[in-house]
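J.: Before we start, here is the structure in question, set down as structure tokens.
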Amino acid sequence: PWRFVAPLSPDLAAAREGRTLALDDLVGWCRAAIAATPPGGTLLIEGVGGVMSPVTGEATGLDWLKALRLPALLVSGSYLGAISHALTAAETLHAHGVPLIGIVVCASPDAPTPPEVVAAAIARHQAVPVIVIARDGDCPVDLADLVRPVSAA
């Protein structure tokens, strides 16, 4: 519902356009979308820029996740530094009580190592499924199964 021209964190992109974002608005929009999702349906809410990236002038992606009380699916690349970034983000989620259902490693252009190597390194340190997806590839079955609702709770 919010689109900005500049490829920046939402708070900076909004400011560049003379606009603002409020965490309550983001959370309210997401809760309405959750409520409108049919029983047994799947709704993915995509964050931006990483767990600690600012989404408003005062709040980060972590604050957004905590306010929604939803589990997270962490998405990483396979670029140099991706292992550290993914493990740091996962530990941050754990420290703040945000359930982590899995980690996806997507192939980064010109990465120094295959995404499978990055995924294996991450998996050695996390007790959640770590799934590799090809850049612009189809959704692997194991990823689709991971995000399917387990019940109509």
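So you can find residues: chains in the structure tokens are A, B, ... in the order shown, residues in each start at 1, and ligands are numbered from 1 in order.
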Residues of stretch 52-99 of chain A within 12 Å of stretch 27-38 of chain A: nearest atom pair and distance (Å, one decimal) for each, counting only C-alpha atoms, sorted by chain and number, as a tab-separated table?

T.:
```
residue	atom	partner	partner_atom	distance
A:Val55	CA	A:Val27	CA	11.4
A:Thr56	CA	A:Val27	CA	11.8
A:Ala59	CA	A:Val27	CA	11.4
A:Gly61	CA	A:Val27	CA	11.1
A:Asp63	CA	A:Val27	CA	10.0
A:Trp64	CA	A:Val27	CA	6.8
A:Leu65	CA	A:Val27	CA	8.9
A:Lys66	CA	A:Val27	CA	10.0
A:Ala67	CA	A:Val27	CA	6.9
A:Leu68	CA	A:Val27	CA	6.4
A:Arg69	CA	A:Val27	CA	10.2
A:Leu70	CA	A:Ile34	CA	10.5
```

J.: Produce a file of the selected residues containing all heavy atoms, as a CSV table (one decimal), in the first residue's frame.

T.:
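Result file follows (result_24.csv):
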```
chain,number,residue,atom,x,y,z
A,55,VAL,N,11.7,1.2,9.4
A,55,VAL,CA,10.5,1.3,8.5
A,55,VAL,C,9.8,2.6,8.7
A,55,VAL,O,9.0,3.1,7.8
A,55,VAL,CB,9.6,0.1,8.7
A,55,VAL,CG1,10.2,-1.2,8.2
A,55,VAL,CG2,9.1,0.0,10.2
A,56,THR,N,10.0,3.2,9.9
A,56,THR,CA,9.4,4.6,10.1
A,56,THR,C,10.6,5.4,10.8
A,56,THR,O,11.6,4.8,11.0
A,56,THR,CB,8.2,4.5,11.1
A,56,THR,OG1,8.7,4.3,12.4
A,56,THR,CG2,7.2,3.5,10.7
A,59,ALA,N,10.6,3.3,14.2
A,59,ALA,CA,10.5,1.9,14.3
A,59,ALA,C,11.3,1.1,13.3
A,59,ALA,O,11.5,1.6,12.1
A,59,ALA,CB,9.0,1.5,14.2
A,61,GLY,N,12.1,-2.9,11.3
A,61,GLY,CA,11.4,-4.1,10.9
A,61,GLY,C,11.1,-5.0,12.1
A,61,GLY,O,10.1,-5.7,12.2
A,63,ASP,N,10.5,-4.1,15.2
A,63,ASP,CA,9.4,-3.5,15.9
A,63,ASP,C,8.1,-3.9,15.2
A,63,ASP,O,7.1,-4.2,15.9
A,63,ASP,CB,9.5,-2.0,16.0
A,63,ASP,CG,10.7,-1.5,16.8
A,63,ASP,OD1,11.0,-2.1,17.9
A,63,ASP,OD2,11.4,-0.6,16.3
A,64,TRP,N,8.1,-3.9,13.9
A,64,TRP,CA,6.9,-4.2,13.1
A,64,TRP,C,6.5,-5.7,13.4
A,64,TRP,O,5.4,-6.0,13.6
A,64,TRP,CB,7.2,-3.9,11.7
A,64,TRP,CG,6.2,-4.1,10.6
A,64,TRP,CD1,4.8,-4.2,10.8
A,64,TRP,CD2,6.4,-4.1,9.2
A,64,TRP,NE1,4.2,-4.3,9.6
A,64,TRP,CE2,5.1,-4.3,8.6
A,64,TRP,CE3,7.5,-4.1,8.4
A,64,TRP,CZ2,4.9,-4.3,7.3
A,64,TRP,CZ3,7.3,-4.1,7.0
A,64,TRP,CH2,6.1,-4.2,6.5
A,65,LEU,N,7.5,-6.6,13.3
A,65,LEU,CA,7.3,-8.0,13.5
A,65,LEU,C,6.7,-8.2,14.9
A,65,LEU,O,5.8,-9.0,15.1
A,65,LEU,CB,8.6,-8.8,13.4
A,65,LEU,CG,8.9,-9.4,12.0
A,65,LEU,CD1,10.3,-9.9,12.0
A,65,LEU,CD2,7.9,-10.5,11.7
A,66,LYS,N,7.3,-7.6,15.9
A,66,LYS,CA,6.9,-7.8,17.3
A,66,LYS,C,5.5,-7.3,17.5
A,66,LYS,O,4.7,-8.0,18.2
A,66,LYS,CB,7.9,-7.1,18.3
A,66,LYS,CG,9.2,-7.8,18.4
A,66,LYS,CD,10.3,-7.1,19.1
A,66,LYS,CE,9.9,-6.7,20.5
A,66,LYS,NZ,11.1,-6.0,21.2
A,67,ALA,N,5.1,-6.2,16.9
A,67,ALA,CA,3.8,-5.7,17.0
A,67,ALA,C,2.7,-6.6,16.4
A,67,ALA,O,1.6,-6.7,16.9
A,67,ALA,CB,3.7,-4.3,16.4
A,68,LEU,N,3.1,-7.3,15.3
A,68,LEU,CA,2.2,-8.2,14.6
A,68,LEU,C,2.1,-9.5,15.3
A,68,LEU,O,1.1,-10.3,15.1
A,68,LEU,CB,2.6,-8.4,13.2
A,68,LEU,CG,2.4,-7.2,12.3
A,68,LEU,CD1,3.0,-7.4,10.9
A,68,LEU,CD2,0.9,-6.9,12.1
A,69,ARG,N,3.1,-9.9,16.1
A,69,ARG,CA,3.1,-11.2,16.8
A,69,ARG,C,3.0,-12.3,15.8
A,69,ARG,O,2.2,-13.3,16.0
A,69,ARG,CB,2.1,-11.3,17.8
A,69,ARG,CG,2.2,-10.3,19.0
A,69,ARG,CD,1.3,-10.5,20.1
A,69,ARG,NE,1.4,-9.5,21.1
A,69,ARG,CZ,0.5,-8.6,21.3
A,69,ARG,NH1,-0.6,-8.5,20.7
A,69,ARG,NH2,0.7,-7.7,22.3
A,70,LEU,N,3.8,-12.2,14.7
A,70,LEU,CA,3.8,-13.3,13.7
A,70,LEU,C,5.2,-13.9,13.6
A,70,LEU,O,6.2,-13.3,14.0
A,70,LEU,CB,3.6,-12.6,12.3
A,70,LEU,CG,2.2,-12.0,12.1
A,70,LEU,CD1,2.1,-11.4,10.7
A,70,LEU,CD2,1.1,-13.1,12.2
```

J.: Taking only residues of stretch 23-81 of chain A that have an atom at most 8 Å from an atom of stretch 94-111 of chain A, what is each one's shortest atom pair and its distance in Å to one decimal, using only C-alpha atoms, in chain and number order, as a tab-separated table?

T.:
```
residue	atom	partner	partner_atom	distance
A:Leu65	CA	A:Val98	CA	7.4
A:Lys66	CA	A:Val98	CA	6.6
A:Arg69	CA	A:Val98	CA	7.3
A:Leu70	CA	A:Val98	CA	7.2
A:Pro71	CA	A:Pro99	CA	4.6
A:Ala72	CA	A:Leu100	CA	4.8
A:Leu73	CA	A:Gly102	CA	5.2
A:Leu74	CA	A:Ile103	CA	4.7
A:Val75	CA	A:Val104	CA	4.7
A:Ser76	CA	A:Val105	CA	4.8
A:Gly77	CA	A:Cys106	CA	4.8
A:Ser78	CA	A:Ser108	CA	5.1
A:Tyr79	CA	A:Ala111	CA	4.8
A:Leu80	CA	A:Ala111	CA	6.7
```

J.: Check the DSSP output for the backbone and give back, as a ChimeraX atom specification, the residues of stretch 66-131 of chain A in strand (DSSP E).

T.: /A:72-76,100-106,130-131

J.: Pick out the closest residue to A:Asp11 from this set: A:Glu58, A:Asp142, A:Asp24, A:Glu46. Count only C-alpha atoms.

T.: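 Residue with the minimum atom-to-atom distance to A:Asp11: A:Glu58.
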
J.: As a VMD selection string, please: all residues of chain A that backbone DSSP puts in helix (DSSP H, G or I).

T.: chain A and resid 10 to 16 23 to 36 61 to 68 82 to 95 115 to 123 141 to 147
